[in-house]
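Right, one structure below, let's go through it.
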Amino acid sequence: MGSAIITLTTDFGTDSPYVAQMKGVILAINPQATIVDVTHSVAPQDVAGAAHILADVCRRFPAGAIHVVVVDPGVGTDRAIVYAEVGAGRYLAPDNGVLTLVAERDAPSRLIRLAERRYWLEPVSSTFHGRDIFSPVAAHVSLGVGPESLGPNHERLVQLELPRPRVLADRIVGRIVQIDAFGNLITNIESTMLPAGRSRADLRVECQGRTEVGMVSVYAERHAGSLVALIGSGGRLEIAVVDGNASRTLSASVGEEVIVRW
Amino acid sequence: MGSAIITLTTDFGTDSPYVAQMKGVILAINPQATIVDVTHSVAPQDVAGAAHILADVCRRFPAGAIHVVVVDPGVGTDRAIVYAEVGAGRYLAPDNGVLTLVAERDAPSRLIRLAERRYWLEPVSSTFHGRDIFSPVAAHVSLGVGPESLGPNHERLVQLELPRPRVLADRIVGRIVQIDAFGNLITNIESTMLPAGRSRADLRVECQGRTEVGMVSVYAERHAGSLVALIGSGGRLEIAVVDGNASRTLSASVGEEVIVRW
Amino acid sequence: MGSAIITLTTDFGTDSPYVAQMKGVILAINPQATIVDVTHSVAPQDVAGAAHILADVCRRFPAGAIHVVVVDPGVGTDRAIVYAEVGAGRYLAPDNGVLTLVAERDAPSRLIRLAERRYWLEPVSSTFHGRDIFSPVAAHVSLGVGPESLGPNHERLVQLELPRPRVLADRIVGRIVQIDAFGNLITNIESTMLPAGRSRADLRVECQGRTEVGMVSVYAERHAGSLVALIGSGGRLEIAVVDGNASRTLSASVGEEVIVRW
């Protein structure tokens with residue numbers, strides 16, 4: 001399971017020098033590490049938002065990649081920091097629910113609570129465990145340090161209460177769970193939840209009481225400015241404005257209801 | 001022409017997890033690839049803007065670098081995706097004109113239309129070819145897959161209609177084609193178009209009817225706040241405010257006229 | 001002192017294609033270089049801000065890393081560009097004071113003024129020395145070119161006049177010197193300046209005439225919304241709002257006074 005790929009997902013803000021400090025710590029331990037930024041634009045302390053991004057991104061990476069997630073409102077308290085092996089990926093994250101969606105796809109095959117301070121920086125600050133614990137541990141793991149030496153087994157991960165779509169006889173009631181940089185409204189309605197044997201023309205999508213959302217396969221099926229629904233690249237229903245920004249057009253927010261009827 | 005350098009130019013937005021998905025796909029195929037972000041801040045679907053950025057940046061990279069451009073309003077339609085060899089560079093881009101300026105400098109020596117699905121992810125989404133086609137093809141090419149195996153020859157590239165300066169006996173009439181992060185207004189007037197044998201003091205630059213734009217060699221020739229024109233780092237005339245932001249000062253936009261008289 | 005790690009700190013703006021041009025130049029000379037962005041969000045020409053960021057970040061990197069700083073209001077004038085060895089790090093920067101804090105921690109062991117044009121791009125533009133001088137020199141140094149061949153010795157670095165805290169018998173009067181992406185107000189008061197032998201409960205922190213700033217060890221000691229002071233990850237006193245943004249809450253700016261009394 002060796003790999004020197006380390007990804008970083010944080011809420012430190014785009015272009016943050018805090019991220020650069022983490023990279024310096026990693027490279028000081030493993031100068032050969034390949035470090036990839038997933039994003040640093042998670043909204044401050046938005047654990048659920050990070051959970052969605054992580055679940056979409058990590059499965060694209062090669063087996064053994066080490067995914068470091070520092071969205072950590074509990075820094076400095078006694079919340080655990082965990083090392084987790086889930087599917088082909090390895091994760092270092094606060095045990096605050098940010099791995100909920102990753103761990104739904106595959107059950108964790110190994111869970112360790114970080115405790116072995118010899119893999120941490122000395123001293124450990126009370127406000128920046130990303131630099132002082134996560135980064136050096138990730139670098140040591142990338143060099144082959146065995147998970148069993150990082151700390152004791154950890155029993156189970158904290159689970160986030162994420163909104164789940166209700167799948168009914170004639171409709172699915174879901175919610176917007178992410179808004180991307182194009183303003184597309186990404187829901188929690190998976191393509192696999194849609195009724196089998198029905199064409200897309202049979203489906204009616206409602207958002208904010210608007211029923212004129214056309215279901216399409218690609219944006220280019222409709223004219224610029226049209227409000228459309230389609231299955232996005234993550235396999236979930238999303239609402240978009242062709243060549244526009246649905247988030248701005250609808251003033252939509254994460255949490256709003258989206259209904260598919262047939 | 002081997003090189004494992006892959007550059008990425010997209011309109012996905014700064015710090016986008018979609019970019020991270022592309023990087024994961026590339027590294028899963030070629031963990032040794034060196035991936036460089038050119039920018040992800042191209043305005044949504046601004047093919048002309050991306051064309052200018054690409055032409056400036058790609059010539060700085062080593063021979064054989066693979067430049068991936070995903071500014072692709074036609075995603076999911078039957079627009080071609082092309083592999084192009086132009087000068088010392090290799091390009092993967094939608095055939096929508098984004099290579100216009102690159103291909104003006106040197107004629108393409110090879111053009112392939114991507115068709116061979118064995119180098120694509122399976123399944124291919126209808127909305128994210130950057131991840132499902134461009135990225136895996138770039139990674140395979142970086143590993144040495146021959147262009148001829150990617151698909152059939154492609155006859156010619158779509159050309160963008162870009163505004164061209166008019167070079168007259170006593171003046172050049174050009175336009176602002178880019179605005180950089182400093183607010184400098186970059187025109188399409190190349191330094192080589194300026195009249196030979198005339199000193200800069202003989203040239204008068206007008207922008208928005210303002211004629212007090214002084215022509216200088218370096219910003220520091222004038223006081224803070226001065227409106228100046230100079231030959232920028234890309235070899236084109238640009239308008240700047242010393243220690244300030246010309247775009248904000250003039251409320252200038254891409255497309256506005258700039259005139260050099262002598 | 002070999003290392004192929006090159007870090008970049010500029011005011012070019014997030015996601016700037018100018019940065020990509022620098023990376024292309026570096027990789028064309030040393031394709032094995034590991035390039036790390038520190039930040040490109042330094043406020044335009046904010047030499048003091050860059051000095052603070054650099055001092056915090058560079059000490060996290062491995063020995064021999066080459067730190068390139070292009071915050072350079074004097075570009076095109078005769079200000080020197082220097083190569084400096086300070087502690088275990090190597091620096092390329094305009095001699096405008098941006099190395100002031102780095103060089104306070106350790107005296108420079110070597111200072112060279114860049115003069116040897118054979119390590120520069122040809123031609124050198126008058127506006128973009130980051131690309132035409134700093135980048136190629138960094139790449140050549142990363143390949144082992146000896147500093148003595150870059151130019152003559154340089155006598156001493158320009159020093160910035162940075163505000164210094166006044167440490168008095170019953171108080172320390174400092175200032176806000178940085179504001180991070182969380183809105184935390186980072187002061188120039190070092191933890192080592194606080195009176196020995198006094199507990200944090202004995203210290204009273206004032207900011208903008210507000211005296212209710214509680215001194216804590218970790219954010220989570222107080223309820224969301226509380227205004228707190230703590231020793232941040234850089235070892236300096238900072239003012240924060242728990243789960244909030246102190247900069248917005250207080251409309252605070254760099255330069256404002258912060259007082260610790262006991």
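Letters for chains follow the order of the structure tokens (A, B, ...), residue numbers begin at 1 for each chain, and ligand numbers begin at 1 in the order shown.
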Over every C-alpha pair, in sequence order, do a least-squares fit of chain B onto chain C and save the fitted chain as an mmCIF file with C-alpha atoms, in the first residue's frame.
```
data_model
loop_
_atom_site.group_PDB
_atom_site.id
_atom_site.type_symbol
_atom_site.label_atom_id
_atom_site.label_comp_id
_atom_site.auth_asym_id
_atom_site.auth_seq_id
_atom_site.Cartn_x
_atom_site.Cartn_y
_atom_site.Cartn_z
ATOM 1 C CA MET B 1 23.252 22.206 0.688
ATOM 2 C CA GLY B 2 21.647 20.603 -2.322
ATOM 3 C CA SER B 3 17.899 20.616 -2.632
ATOM 4 C CA ALA B 4 15.590 20.904 -5.554
ATOM 5 C CA ILE B 5 12.799 22.480 -3.539
ATOM 6 C CA ILE B 6 11.897 25.966 -4.727
ATOM 7 C CA THR B 7 9.182 27.977 -2.981
ATOM 8 C CA LEU B 8 7.390 30.972 -4.483
ATOM 9 C CA THR B 9 5.987 33.978 -2.603
ATOM 10 C CA THR B 10 4.541 36.766 -4.735
ATOM 11 C CA ASP B 11 1.880 39.445 -4.956
ATOM 12 C CA PHE B 12 0.762 38.254 -8.402
ATOM 13 C CA GLY B 13 -2.662 37.194 -7.175
ATOM 14 C CA THR B 14 -4.156 33.761 -6.618
ATOM 15 C CA ASP B 15 -4.103 31.532 -9.650
ATOM 16 C CA SER B 16 -2.063 33.992 -11.697
ATOM 17 C CA PRO B 17 -0.736 32.844 -15.066
ATOM 18 C CA TYR B 18 2.372 34.925 -14.284
ATOM 19 C CA VAL B 19 3.196 32.366 -11.624
ATOM 20 C CA ALA B 20 2.740 29.619 -14.192
ATOM 21 C CA GLN B 21 5.239 31.392 -16.451
ATOM 22 C CA MET B 22 7.780 31.307 -13.609
ATOM 23 C CA LYS B 23 7.150 27.607 -13.102
ATOM 24 C CA GLY B 24 7.608 26.933 -16.799
ATOM 25 C CA VAL B 25 10.963 28.729 -16.787
ATOM 26 C CA ILE B 26 12.117 26.781 -13.726
ATOM 27 C CA LEU B 27 11.030 23.409 -15.130
ATOM 28 C CA ALA B 28 12.623 24.136 -18.497
ATOM 29 C CA ILE B 29 15.975 24.384 -16.683
ATOM 30 C CA ASN B 30 15.407 21.789 -13.965
ATOM 31 C CA PRO B 31 12.521 19.451 -14.769
ATOM 32 C CA GLN B 32 13.124 17.682 -11.427
ATOM 33 C CA ALA B 33 12.525 20.764 -9.293
ATOM 34 C CA THR B 34 9.803 20.527 -6.657
ATOM 35 C CA ILE B 35 7.992 23.867 -6.726
ATOM 36 C CA VAL B 36 5.823 24.890 -3.780
ATOM 37 C CA ASP B 37 3.553 27.917 -3.669
ATOM 38 C CA VAL B 38 3.824 29.758 -0.375
ATOM 39 C CA THR B 39 1.247 32.331 -1.362
ATOM 40 C CA HIS B 40 0.531 34.673 -4.217
ATOM 41 C CA SER B 41 -1.957 36.700 -2.210
ATOM 42 C CA VAL B 42 0.466 39.134 -0.658
ATOM 43 C CA ALA B 43 -1.263 42.504 -0.975
ATOM 44 C CA PRO B 44 0.180 44.313 -3.998
ATOM 45 C CA GLN B 45 3.672 45.506 -3.086
ATOM 46 C CA ASP B 46 3.191 44.835 0.624
ATOM 47 C CA VAL B 47 6.821 44.126 1.440
ATOM 48 C CA ALA B 48 6.208 44.039 5.195
ATOM 49 C CA GLY B 49 3.361 41.559 4.847
ATOM 50 C CA ALA B 50 5.543 39.289 2.738
ATOM 51 C CA ALA B 51 8.350 39.561 5.305
ATOM 52 C CA HIS B 52 6.070 38.215 8.037
ATOM 53 C CA ILE B 53 4.731 35.349 5.927
ATOM 54 C CA LEU B 54 8.193 34.350 4.786
ATOM 55 C CA ALA B 55 9.617 34.289 8.303
ATOM 56 C CA ASP B 56 6.820 31.982 9.463
ATOM 57 C CA VAL B 57 6.899 29.630 6.508
ATOM 58 C CA CYS B 58 10.520 29.188 5.498
ATOM 59 C CA ARG B 59 11.651 27.661 8.746
ATOM 60 C CA ARG B 60 9.287 24.741 8.142
ATOM 61 C CA PHE B 61 11.087 23.741 4.950
ATOM 62 C CA PRO B 62 14.022 21.382 4.686
ATOM 63 C CA ALA B 63 17.569 22.692 4.711
ATOM 64 C CA GLY B 64 18.672 24.002 1.366
ATOM 65 C CA ALA B 65 15.220 24.893 0.081
ATOM 66 C CA ILE B 66 15.354 27.917 -2.208
ATOM 67 C CA HIS B 67 12.796 30.579 -1.290
ATOM 68 C CA VAL B 68 11.974 32.942 -4.143
ATOM 69 C CA VAL B 69 10.189 36.147 -3.161
ATOM 70 C CA VAL B 70 8.832 38.460 -5.819
ATOM 71 C CA VAL B 71 7.186 41.386 -4.088
ATOM 72 C CA ASP B 72 9.060 43.988 -5.967
ATOM 73 C CA PRO B 73 7.749 47.524 -6.368
ATOM 74 C CA GLY B 74 11.190 48.558 -7.639
ATOM 75 C CA VAL B 75 11.223 46.183 -10.610
ATOM 76 C CA GLY B 76 13.129 47.748 -13.468
ATOM 77 C CA THR B 77 15.036 50.223 -11.266
ATOM 78 C CA ASP B 78 18.546 49.568 -10.024
ATOM 79 C CA ARG B 79 17.479 47.946 -6.753
ATOM 80 C CA ALA B 80 19.593 44.858 -6.192
ATOM 81 C CA ILE B 81 18.317 41.322 -6.433
ATOM 82 C CA VAL B 82 20.080 39.229 -3.838
ATOM 83 C CA TYR B 83 20.897 35.626 -3.205
ATOM 84 C CA ALA B 84 21.139 35.082 0.553
ATOM 85 C CA GLU B 85 21.991 32.106 2.717
ATOM 86 C CA VAL B 86 20.385 32.501 6.118
ATOM 87 C CA GLY B 87 20.337 29.618 8.574
ATOM 88 C CA ALA B 88 19.555 26.502 6.589
ATOM 89 C CA GLY B 89 17.640 28.354 3.898
ATOM 90 C CA ARG B 90 18.509 29.994 0.610
ATOM 91 C CA TYR B 91 16.670 33.074 -0.630
ATOM 92 C CA LEU B 92 16.279 35.011 -3.845
ATOM 93 C CA ALA B 93 14.601 38.364 -3.270
ATOM 94 C CA PRO B 94 14.736 42.002 -4.198
ATOM 95 C CA ASP B 95 16.851 43.862 -1.660
ATOM 96 C CA ASN B 96 13.909 45.870 -0.403
ATOM 97 C CA GLY B 97 13.647 44.683 3.175
ATOM 98 C CA VAL B 98 11.544 41.598 2.553
ATOM 99 C CA LEU B 99 14.236 39.469 4.231
ATOM 100 C CA THR B 100 14.339 41.660 7.371
ATOM 101 C CA LEU B 101 12.646 39.175 9.693
ATOM 102 C CA VAL B 102 14.371 36.114 8.269
ATOM 103 C CA ALA B 103 17.748 37.803 8.746
ATOM 104 C CA GLU B 104 16.923 38.774 12.310
ATOM 105 C CA ARG B 105 16.632 35.173 13.372
ATOM 106 C CA ASP B 106 20.039 34.223 11.919
ATOM 107 C CA ALA B 107 22.650 36.488 10.400
ATOM 108 C CA PRO B 108 23.083 35.853 6.674
ATOM 109 C CA SER B 109 26.099 33.661 6.049
ATOM 110 C CA ARG B 110 26.338 34.664 2.403
ATOM 111 C CA LEU B 111 24.990 37.589 0.364
ATOM 112 C CA ILE B 112 25.398 37.876 -3.400
ATOM 113 C CA ARG B 113 24.081 40.545 -5.716
ATOM 114 C CA LEU B 114 22.778 38.907 -8.898
ATOM 115 C CA ALA B 115 24.768 40.208 -11.834
ATOM 116 C CA GLU B 116 25.779 37.279 -14.008
ATOM 117 C CA ARG B 117 23.415 37.476 -16.950
ATOM 118 C CA ARG B 118 24.327 34.063 -18.257
ATOM 119 C CA TYR B 119 21.903 32.624 -15.680
ATOM 120 C CA TRP B 120 19.078 34.962 -16.730
ATOM 121 C CA LEU B 121 16.599 34.677 -19.558
ATOM 122 C CA GLU B 122 17.450 36.617 -22.659
ATOM 123 C CA PRO B 123 16.007 39.225 -23.209
ATOM 124 C CA VAL B 124 15.153 40.475 -19.703
ATOM 125 C CA SER B 125 11.858 42.337 -19.664
ATOM 126 C CA SER B 126 11.662 45.536 -17.667
ATOM 127 C CA THR B 127 8.531 44.505 -15.798
ATOM 128 C CA PHE B 128 8.822 40.812 -14.972
ATOM 129 C CA HIS B 129 12.118 39.947 -13.317
ATOM 130 C CA GLY B 130 10.332 37.157 -11.444
ATOM 131 C CA ARG B 131 10.216 35.251 -14.697
ATOM 132 C CA ASP B 132 13.367 36.532 -16.364
ATOM 133 C CA ILE B 133 15.862 36.635 -13.470
ATOM 134 C CA PHE B 134 14.573 35.062 -10.242
ATOM 135 C CA SER B 135 13.193 31.886 -11.830
ATOM 136 C CA PRO B 136 16.131 30.892 -14.004
ATOM 137 C CA VAL B 137 18.623 31.692 -11.239
ATOM 138 C CA ALA B 138 16.622 29.606 -8.751
ATOM 139 C CA ALA B 139 16.576 26.715 -11.199
ATOM 140 C CA HIS B 140 20.313 26.927 -11.848
ATOM 141 C CA VAL B 141 21.040 27.071 -8.117
ATOM 142 C CA SER B 142 18.822 24.022 -7.586
ATOM 143 C CA LEU B 143 21.023 22.222 -10.125
ATOM 144 C CA GLY B 144 24.136 23.066 -8.158
ATOM 145 C CA VAL B 145 25.418 26.304 -9.670
ATOM 146 C CA GLY B 146 27.590 27.884 -6.982
ATOM 147 C CA PRO B 147 26.446 31.182 -5.496
ATOM 148 C CA GLU B 148 29.827 32.760 -6.180
ATOM 149 C CA SER B 149 29.152 32.510 -9.889
ATOM 150 C CA LEU B 150 25.887 34.484 -9.655
ATOM 151 C CA GLY B 151 27.524 37.856 -8.995
ATOM 152 C CA PRO B 152 29.666 39.798 -6.542
ATOM 153 C CA ASN B 153 29.276 39.821 -2.798
ATOM 154 C CA HIS B 154 26.600 42.157 -1.483
ATOM 155 C CA GLU B 155 27.430 44.080 1.640
ATOM 156 C CA ARG B 156 24.254 44.299 3.639
ATOM 157 C CA LEU B 157 20.531 43.911 3.290
ATOM 158 C CA VAL B 158 18.084 46.780 3.312
ATOM 159 C CA GLN B 159 16.189 46.706 6.620
ATOM 160 C CA LEU B 160 12.480 47.406 6.924
ATOM 161 C CA GLU B 161 11.383 49.653 9.757
ATOM 162 C CA LEU B 162 8.881 47.269 11.316
ATOM 163 C CA PRO B 163 6.835 48.294 14.330
ATOM 164 C CA ARG B 164 8.320 46.743 17.476
ATOM 165 C CA PRO B 165 6.355 46.093 20.653
ATOM 166 C CA ARG B 166 7.231 48.172 23.700
ATOM 167 C CA VAL B 167 7.763 45.895 26.671
ATOM 168 C CA LEU B 168 7.120 47.906 29.864
ATOM 169 C CA ALA B 169 6.982 47.057 33.570
ATOM 170 C CA ASP B 170 3.231 46.421 33.648
ATOM 171 C CA ARG B 171 2.289 46.021 30.029
ATOM 172 C CA ILE B 172 3.331 45.301 26.438
ATOM 173 C CA VAL B 173 2.121 47.592 23.691
ATOM 174 C CA GLY B 174 2.141 45.844 20.349
ATOM 175 C CA ARG B 175 0.372 46.032 17.013
ATOM 176 C CA ILE B 176 -1.570 43.862 14.590
ATOM 177 C CA VAL B 177 0.877 42.879 11.844
ATOM 178 C CA GLN B 178 -1.086 40.268 9.883
ATOM 179 C CA ILE B 179 -4.667 39.144 9.419
ATOM 180 C CA ASP B 180 -5.139 35.565 8.295
ATOM 181 C CA ALA B 181 -7.901 34.003 6.221
ATOM 182 C CA PHE B 182 -9.883 33.128 9.364
ATOM 183 C CA GLY B 183 -9.871 36.810 10.344
ATOM 184 C CA ASN B 184 -7.502 36.197 13.239
ATOM 185 C CA LEU B 185 -5.516 39.315 14.172
ATOM 186 C CA ILE B 186 -1.883 38.344 14.553
ATOM 187 C CA THR B 187 0.228 40.760 16.588
ATOM 188 C CA ASN B 188 3.959 41.305 16.876
ATOM 189 C CA ILE B 189 3.884 40.306 20.561
ATOM 190 C CA GLU B 190 5.963 37.157 20.922
ATOM 191 C CA SER B 191 5.027 34.635 23.604
ATOM 192 C CA THR B 192 8.562 34.991 24.949
ATOM 193 C CA MET B 193 7.865 38.664 25.769
ATOM 194 C CA LEU B 194 5.069 37.794 28.195
ATOM 195 C CA PRO B 195 6.067 38.034 31.863
ATOM 196 C CA ALA B 196 7.488 34.809 33.228
ATOM 197 C CA GLY B 197 5.825 33.342 36.267
ATOM 198 C CA ARG B 198 2.397 34.760 35.604
ATOM 199 C CA SER B 199 -0.545 32.620 34.659
ATOM 200 C CA ARG B 200 -2.631 33.529 31.649
ATOM 201 C CA ALA B 201 -5.472 34.459 33.966
ATOM 202 C CA ASP B 202 -3.319 37.359 35.219
ATOM 203 C CA LEU B 203 -3.026 38.859 31.738
ATOM 204 C CA ARG B 204 -5.556 41.338 30.399
ATOM 205 C CA VAL B 205 -5.616 41.951 26.674
ATOM 206 C CA GLU B 206 -7.024 45.130 25.116
ATOM 207 C CA CYS B 207 -7.822 45.743 21.483
ATOM 208 C CA GLN B 208 -9.639 48.831 20.210
ATOM 209 C CA GLY B 209 -10.346 49.867 23.767
ATOM 210 C CA ARG B 210 -12.184 46.606 24.417
ATOM 211 C CA THR B 211 -10.959 44.955 27.543
ATOM 212 C CA GLU B 212 -13.122 41.884 27.511
ATOM 213 C CA VAL B 213 -10.644 39.847 25.508
ATOM 214 C CA GLY B 214 -10.139 36.602 27.410
ATOM 215 C CA MET B 215 -6.765 34.909 27.285
ATOM 216 C CA VAL B 216 -7.140 31.215 26.439
ATOM 217 C CA SER B 217 -5.016 28.265 25.384
ATOM 218 C CA VAL B 218 -7.318 26.903 22.708
ATOM 219 C CA TYR B 219 -10.326 28.318 20.874
ATOM 220 C CA ALA B 220 -12.603 25.639 22.206
ATOM 221 C CA GLU B 221 -12.283 26.930 25.789
ATOM 222 C CA ARG B 222 -14.929 29.557 25.078
ATOM 223 C CA HIS B 223 -18.330 29.697 23.461
ATOM 224 C CA ALA B 224 -18.784 30.554 19.813
ATOM 225 C CA GLY B 225 -18.693 34.298 19.351
ATOM 226 C CA SER B 226 -16.335 34.988 22.268
ATOM 227 C CA LEU B 227 -13.484 37.402 21.688
ATOM 228 C CA VAL B 228 -10.297 35.694 22.841
ATOM 229 C CA ALA B 229 -6.540 36.142 22.792
ATOM 230 C CA LEU B 230 -4.152 33.245 22.514
ATOM 231 C CA ILE B 231 -0.657 32.336 21.430
ATOM 232 C CA GLY B 232 -0.994 31.392 17.778
ATOM 233 C CA SER B 233 0.870 28.802 15.770
ATOM 234 C CA GLY B 234 3.655 31.271 14.942
ATOM 235 C CA GLY B 235 4.353 31.918 18.625
ATOM 236 C CA ARG B 236 2.735 35.356 18.658
ATOM 237 C CA LEU B 237 -0.299 36.720 20.460
ATOM 238 C CA GLU B 238 -3.408 36.786 18.316
ATOM 239 C CA ILE B 239 -6.966 37.982 18.767
ATOM 240 C CA ALA B 240 -9.729 35.734 17.520
ATOM 241 C CA VAL B 241 -13.463 35.248 17.670
ATOM 242 C CA VAL B 242 -14.314 31.630 18.481
ATOM 243 C CA ASP B 243 -15.943 30.086 15.379
ATOM 244 C CA GLY B 244 -16.049 33.600 13.929
ATOM 245 C CA ASN B 245 -13.978 36.269 12.230
ATOM 246 C CA ALA B 246 -12.322 38.839 14.504
ATOM 247 C CA SER B 247 -11.283 41.030 11.611
ATOM 248 C CA ARG B 248 -14.898 41.465 10.526
ATOM 249 C CA THR B 249 -16.335 41.649 14.046
ATOM 250 C CA LEU B 250 -13.948 44.432 15.069
ATOM 251 C CA SER B 251 -13.381 45.952 11.611
ATOM 252 C CA ALA B 252 -9.736 45.700 12.616
ATOM 253 C CA SER B 253 -6.779 46.568 10.397
ATOM 254 C CA VAL B 254 -3.076 45.875 10.295
ATOM 255 C CA GLY B 255 -1.298 48.517 12.388
ATOM 256 C CA GLU B 256 -3.834 48.812 15.216
ATOM 257 C CA GLU B 257 -2.590 48.686 18.784
ATOM 258 C CA VAL B 258 -2.998 45.661 21.055
ATOM 259 C CA ILE B 259 -2.039 45.922 24.749
ATOM 260 C CA VAL B 260 -1.341 43.162 27.243
ATOM 261 C CA ARG B 261 -1.490 44.317 30.899
ATOM 262 C CA TRP B 262 -0.754 42.537 34.143
#
```
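Across region 37-221 of chain C, DSSP run on the backbone finds alpha helix (DSSP H) at C:Val47, C:Ala48, C:Gly49, C:Ala50, C:Ala51, C:His52, C:Ile53, C:Leu54, C:Ala55, C:Asp56, C:Val57, C:Cys58, C:Val102, C:Ala103, C:Glu104, C:Arg105, C:His129, C:Ser135, C:Pro136, C:Val137, C:Ala138, C:Ala139, C:His140, C:Val141, C:Ser142.
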With N, CA and C atoms retained, write the just-selected residues as an mmCIF file, in the first residue's frame.
```cif
data_model
loop_
_atom_site.group_PDB
_atom_site.id
_atom_site.type_symbol
_atom_site.label_atom_id
_atom_site.label_comp_id
_atom_site.auth_asym_id
_atom_site.auth_seq_id
_atom_site.Cartn_x
_atom_site.Cartn_y
_atom_site.Cartn_z
ATOM 1 N N VAL C 47 5.544 44.773 1.065
ATOM 2 C CA VAL C 47 6.814 44.144 1.417
ATOM 3 C C VAL C 47 6.793 43.670 2.875
ATOM 4 N N ALA C 48 6.224 44.450 3.764
ATOM 5 C CA ALA C 48 6.192 44.066 5.177
ATOM 6 C C ALA C 48 5.335 42.811 5.378
ATOM 7 N N GLY C 49 4.204 42.758 4.717
ATOM 8 C CA GLY C 49 3.353 41.569 4.827
ATOM 9 C C GLY C 49 4.081 40.327 4.346
ATOM 10 N N ALA C 50 4.779 40.454 3.231
ATOM 11 C CA ALA C 50 5.534 39.307 2.721
ATOM 12 C C ALA C 50 6.629 38.902 3.687
ATOM 13 N N ALA C 51 7.250 39.889 4.332
ATOM 14 C CA ALA C 51 8.331 39.583 5.286
ATOM 15 C C ALA C 51 7.816 38.708 6.424
ATOM 16 N N HIS C 52 6.620 39.030 6.919
ATOM 17 C CA HIS C 52 6.045 38.233 8.006
ATOM 18 C C HIS C 52 5.712 36.811 7.547
ATOM 19 N N ILE C 53 5.085 36.701 6.403
ATOM 20 C CA ILE C 53 4.714 35.376 5.905
ATOM 21 C C ILE C 53 5.968 34.524 5.716
ATOM 22 N N LEU C 54 6.947 35.103 5.073
ATOM 23 C CA LEU C 54 8.175 34.377 4.765
ATOM 24 C C LEU C 54 8.843 33.860 6.036
ATOM 25 N N ALA C 55 8.906 34.713 7.053
ATOM 26 C CA ALA C 55 9.588 34.314 8.290
ATOM 27 C C ALA C 55 8.877 33.138 8.952
ATOM 28 N N ASP C 56 7.547 33.123 8.864
ATOM 29 C CA ASP C 56 6.801 32.006 9.454
ATOM 30 C C ASP C 56 6.958 30.718 8.655
ATOM 31 N N VAL C 57 6.963 30.846 7.331
ATOM 32 C CA VAL C 57 6.876 29.654 6.492
ATOM 33 C C VAL C 57 8.229 29.005 6.260
ATOM 34 N N CYS C 58 9.259 29.815 6.011
ATOM 35 C CA CYS C 58 10.488 29.217 5.494
ATOM 36 C C CYS C 58 11.135 28.289 6.493
ATOM 37 N N VAL C 102 13.556 37.352 8.425
ATOM 38 C CA VAL C 102 14.352 36.134 8.272
ATOM 39 C C VAL C 102 15.769 36.384 8.781
ATOM 40 N N ALA C 103 16.322 37.536 8.409
ATOM 41 C CA ALA C 103 17.718 37.821 8.736
ATOM 42 C C ALA C 103 17.893 38.288 10.166
ATOM 43 N N GLU C 104 16.787 38.475 10.886
ATOM 44 C CA GLU C 104 16.890 38.803 12.301
ATOM 45 C C GLU C 104 17.107 37.541 13.125
ATOM 46 N N ARG C 105 16.527 36.466 12.642
ATOM 47 C CA ARG C 105 16.612 35.206 13.373
ATOM 48 C C ARG C 105 18.036 34.654 13.301
ATOM 49 N N HIS C 129 10.880 40.582 -13.726
ATOM 50 C CA HIS C 129 12.116 39.934 -13.337
ATOM 51 C C HIS C 129 11.856 38.601 -12.642
ATOM 52 N N SER C 135 13.520 33.283 -11.542
ATOM 53 C CA SER C 135 13.206 31.871 -11.825
ATOM 54 C C SER C 135 14.386 31.117 -12.415
ATOM 55 N N PRO C 136 15.019 31.654 -13.459
ATOM 56 C CA PRO C 136 16.140 30.870 -13.997
ATOM 57 C C PRO C 136 17.287 30.746 -12.999
ATOM 58 N N VAL C 137 17.534 31.792 -12.216
ATOM 59 C CA VAL C 137 18.616 31.689 -11.229
ATOM 60 C C VAL C 137 18.270 30.621 -10.190
ATOM 61 N N ALA C 138 17.021 30.617 -9.715
ATOM 62 C CA ALA C 138 16.614 29.595 -8.736
ATOM 63 C C ALA C 138 16.825 28.201 -9.315
ATOM 64 N N ALA C 139 16.449 28.026 -10.564
ATOM 65 C CA ALA C 139 16.583 26.700 -11.176
ATOM 66 C C ALA C 139 18.049 26.299 -11.298
ATOM 67 N N HIS C 140 18.890 27.237 -11.711
ATOM 68 C CA HIS C 140 20.314 26.909 -11.821
ATOM 69 C C HIS C 140 20.911 26.590 -10.451
ATOM 70 N N VAL C 141 20.532 27.361 -9.432
ATOM 71 C CA VAL C 141 21.033 27.079 -8.087
ATOM 72 C C VAL C 141 20.572 25.689 -7.645
ATOM 73 N N SER C 142 19.324 25.339 -7.970
ATOM 74 C CA SER C 142 18.809 24.021 -7.557
ATOM 75 C C SER C 142 19.584 22.899 -8.242
#
```
Practice task
From region 132-196 of chain B, collect each residue whose DSSP state is strand (DSSP E) and return the set as a list in words.
Solution key: Arg166, Val167, Arg171, Ile172, Val173, Gly174, Arg175, Ile176, Val177, Gln178, Ile179, Leu185, Ile186, Thr187, Asn188, Ile189 and Glu190 of chain B
